[in-house]
$ cat start.txt   # compact mmCIF, C-alpha atoms
# COMPACT_ATOMS: atom_id res chain seq x y z
CA MET A 1 -1.57 -42.77 18.84
CA LYS A 2 0.51 -39.79 19.86
CA ARG A 3 4.17 -40.53 20.47
CA PHE A 4 5.93 -38.49 23.16
CA LYS A 5 9.62 -37.76 23.41
CA VAL A 6 10.52 -37.36 27.10
CA LEU A 7 13.77 -36.09 28.53
CA MET A 8 14.30 -37.42 32.07
CA ILE A 9 16.88 -35.49 34.08
CA GLU A 10 17.52 -37.80 37.03
CA ASP A 11 20.70 -38.87 38.85
CA ASN A 12 19.34 -41.85 40.80
CA PRO A 13 19.59 -45.07 38.73
CA GLY A 14 16.83 -46.73 40.78
CA ASP A 15 14.44 -43.85 40.10
CA VAL A 16 15.35 -43.93 36.41
CA LEU A 17 14.52 -47.63 36.30
CA LEU A 18 11.23 -47.34 38.21
CA THR A 19 10.09 -44.31 36.22
CA SER A 20 11.05 -45.90 32.89
CA GLU A 21 9.17 -49.07 33.77
CA ALA A 22 6.15 -47.05 34.85
CA LEU A 23 6.20 -45.09 31.59
CA GLU A 24 5.90 -48.39 29.72
CA GLU A 25 2.43 -48.67 31.29
CA SER A 26 1.34 -45.33 29.82
CA LYS A 27 -1.46 -45.33 27.29
CA TYR A 28 0.87 -43.22 25.13
CA VAL A 29 3.99 -44.33 23.32
CA ILE A 30 6.89 -42.83 25.25
CA ASP A 31 10.46 -42.53 24.01
CA VAL A 32 12.72 -41.61 26.92
CA ASP A 33 16.19 -40.12 26.89
CA VAL A 34 17.94 -39.86 30.25
CA VAL A 35 20.69 -37.56 31.44
CA HIS A 36 22.09 -37.79 34.96
CA ASN A 37 22.91 -34.22 35.97
CA GLY A 38 21.58 -30.73 35.50
CA ARG A 39 24.39 -29.52 33.27
CA ASP A 40 23.84 -32.37 30.80
CA GLY A 41 20.11 -31.62 30.88
CA VAL A 42 20.70 -28.04 29.78
CA ASP A 43 23.28 -29.15 27.19
CA TYR A 44 20.77 -31.67 25.80
CA LEU A 45 18.02 -29.08 25.49
CA PHE A 46 20.29 -26.52 23.85
CA LYS A 47 22.05 -29.10 21.64
CA ARG A 48 25.50 -28.39 23.05
CA GLU A 49 28.63 -30.53 22.83
CA ARG A 50 27.82 -34.26 22.72
CA PHE A 51 24.09 -33.53 22.46
CA GLU A 52 24.23 -31.74 19.09
CA GLN A 53 21.94 -34.37 17.54
CA SER A 54 19.43 -34.50 20.38
CA ASP A 55 15.74 -34.27 19.54
CA ARG A 56 13.58 -31.62 21.13
CA PRO A 57 11.54 -33.35 23.84
CA ASP A 58 7.78 -32.98 24.08
CA LEU A 59 8.22 -32.74 27.84
CA VAL A 60 10.84 -32.90 30.56
CA LEU A 61 10.75 -34.93 33.79
CA LEU A 62 13.04 -33.01 36.14
CA ASP A 63 14.40 -33.89 39.56
CA ILE A 64 15.29 -31.04 41.93
CA ASN A 65 18.32 -32.53 43.67
CA LEU A 66 20.82 -32.97 40.85
CA PRO A 67 24.60 -32.73 40.64
CA LEU A 68 26.35 -29.91 38.73
CA LYS A 69 23.16 -27.84 38.40
CA THR A 70 19.99 -28.10 40.48
CA GLY A 71 16.59 -28.79 39.00
CA HIS A 72 15.57 -25.24 39.89
CA GLU A 73 18.53 -23.86 37.94
CA VAL A 74 17.69 -26.08 34.97
CA LEU A 75 14.03 -25.01 35.08
CA GLN A 76 15.03 -21.34 35.17
CA GLU A 77 17.21 -21.79 32.07
CA ILE A 78 14.49 -23.68 30.21
CA LYS A 79 11.88 -21.02 30.90
CA ALA A 80 14.22 -18.07 30.25
CA ASN A 81 14.96 -19.11 26.68
CA PRO A 82 12.43 -18.53 23.87
CA ARG A 83 13.52 -21.78 22.15
CA THR A 84 12.64 -23.95 25.16
CA ARG A 85 10.18 -22.04 27.34
CA GLU A 86 7.15 -23.77 25.79
CA ILE A 87 8.40 -27.26 26.68
CA PRO A 88 6.30 -28.56 29.59
CA VAL A 89 8.34 -29.48 32.64
CA ILE A 90 7.08 -31.93 35.24
CA MET A 91 9.01 -31.76 38.47
CA LEU A 92 9.39 -35.38 39.61
CA THR A 93 11.24 -35.33 42.89
CA THR A 94 11.39 -36.74 46.41
CA SER A 95 10.91 -33.30 47.96
CA SER A 96 7.49 -32.61 49.39
CA MET A 97 8.68 -29.35 50.95
CA GLN A 98 6.20 -26.53 50.40
CA ALA A 99 9.07 -24.18 49.49
CA ASP A 100 10.20 -26.47 46.64
CA ILE A 101 6.66 -26.82 45.34
CA LEU A 102 5.99 -23.06 45.41
CA THR A 103 9.37 -22.24 43.89
CA SER A 104 8.82 -24.74 41.08
CA TYR A 105 5.48 -23.21 40.15
CA GLN A 106 6.90 -19.68 40.43
CA GLU A 107 9.60 -20.82 37.99
CA GLN A 108 6.82 -21.99 35.64
CA ALA A 109 6.89 -25.76 36.15
CA SER A 110 3.85 -27.32 34.50
CA CYS A 111 3.28 -29.92 37.19
CA TYR A 112 4.85 -31.07 40.47
CA ILE A 113 4.80 -34.73 41.46
CA VAL A 114 6.41 -36.22 44.56
CA LYS A 115 8.11 -39.48 43.56
CA PRO A 116 6.32 -42.54 44.83
CA SER A 117 8.16 -44.32 47.63
CA GLU A 118 6.92 -47.77 46.61
CA ALA A 119 7.04 -49.44 43.20
CA ASP A 120 3.29 -50.09 43.13
CA GLN A 121 2.60 -46.37 43.70
CA TYR A 122 4.05 -45.65 40.27
CA LEU A 123 0.67 -46.66 38.83
CA ASP A 124 -0.74 -43.50 40.43
CA PHE A 125 2.11 -41.55 38.82
CA ILE A 126 1.15 -42.95 35.41
CA LYS A 127 -2.46 -41.89 35.88
CA VAL A 128 -1.33 -38.32 36.56
CA PHE A 129 1.22 -38.49 33.73
CA ASP A 130 -1.36 -39.74 31.22
CA LYS A 131 -3.86 -37.11 32.31
CA PHE A 132 -1.20 -34.43 31.82
CA CYS A 133 -0.23 -35.84 28.40
CA SER A 134 -3.86 -35.82 27.32
CA THR A 135 -3.73 -32.02 27.59
CA LEU A 136 -0.83 -31.98 25.11
CA VAL A 137 -2.53 -34.05 22.42
CA VAL A 138 -4.06 -31.94 19.69
$ encode --input "start.txt" --output "structure tokens"
Amino acid sequence: MKRFKVLMIEDNPGDVLLTSEALEESKYVIDVDVVHNGRDGVDYLFKRERFEQSDRPDLVLLDINLPLKTGHEVLQEIKANPRTREIPVIMLTTSSMQADILTSYQEQASCYIVKPSEADQYLDFIKVFDKFCSTLVV
């Protein structure tokens, strides 16, 4: 069974909890690291400061509305660097605005998912997540 290392960049503790619990239902083994703002997300990915020992994630779950650096800014930095541009990024956010969706794909997001508003809707998220992960398994 493939094991996935996921970096979740999310500032809302409730969303972290719901997403983490949902990921436990995945058919894949998921190890999740969480950072709570965009700057820490970039530092984690580039092994800066307190994240020197961080592992390279297999994929990133990225919120758009983050403190210190927006999800769009984080995505731009990930995709601009040859060391990180191949890491798949799933935008997982409350925004259903067409502009955010289009911008995310223009910035090379791999997938865009609007966060479920109810806990039971996270099962639909896991179906999409597992389907996406199945494309990463070699």
$ residues_around --input "start.txt" --residues "A:Glu10" --least-positions-apart "2" --cutoff "6 Å" --atoms "all atoms listed in the file" --output "list in words"
Met8, Asn12, His36 and Asp63 of chain A
$ atom_distance --input "start.txt" --atom1 "atom CA of A:Ile87" --atom2 "atom CA of A:Gln121"
26.2 Å
$ closest_residue --input "start.txt" --among "A:Ala80, A:Val89, A:Leu66, A:Ala119" --to "A:Leu17" --atoms "all atoms listed in the file"
A:Ala119
$ closest_residue --input "start.txt" --among "A:Lys5, A:Ile101, A:Cys133, A:Leu92" --to "A:Ile113" --atoms "all atoms listed in the file"
A:Leu92
$ residues_around --input "start.txt" --residues "A:Ser110" --least-positions-apart "2" --cutoff "9 Å" --atoms "all atoms listed in the file" --output "MDAnalysis selection string"
chainID A and resid 88:91 104:105 108 112
$ write_last_selection --input "start.txt" --atoms "C-alpha atoms" --output "mmCIF file, keeping the file's coordinate frame"
data_model
loop_
_atom_site.group_PDB
_atom_site.id
_atom_site.type_symbol
_atom_site.label_atom_id
_atom_site.label_comp_id
_atom_site.auth_asym_id
_atom_site.auth_seq_id
_atom_site.Cartn_x
_atom_site.Cartn_y
_atom_site.Cartn_z
ATOM 1 C CA PRO A 88 6.300 -28.560 29.590
ATOM 2 C CA VAL A 89 8.340 -29.480 32.640
ATOM 3 C CA ILE A 90 7.080 -31.930 35.240
ATOM 4 C CA MET A 91 9.010 -31.760 38.470
ATOM 5 C CA SER A 104 8.820 -24.740 41.080
ATOM 6 C CA TYR A 105 5.480 -23.210 40.150
ATOM 7 C CA GLN A 108 6.820 -21.990 35.640
ATOM 8 C CA TYR A 112 4.850 -31.070 40.470
#
$ closest_residue --input "start.txt" --among "A:Glu86, A:Asp55, A:Asp40, A:Asp31" --to "A:Pro67" --atoms "only C-alpha atoms"
A:Asp40
$ axis_aligned_box --input "start.txt" --around "stretch 52-67 of chain A" --padding-each-side "6 Å" --output "lines of an AutoDock Vina configuration file"
center_x = 16.2
center_y = -33.0
center_z = 30.6
size_x = 28.8
size_y = 15.9
size_z = 38.1
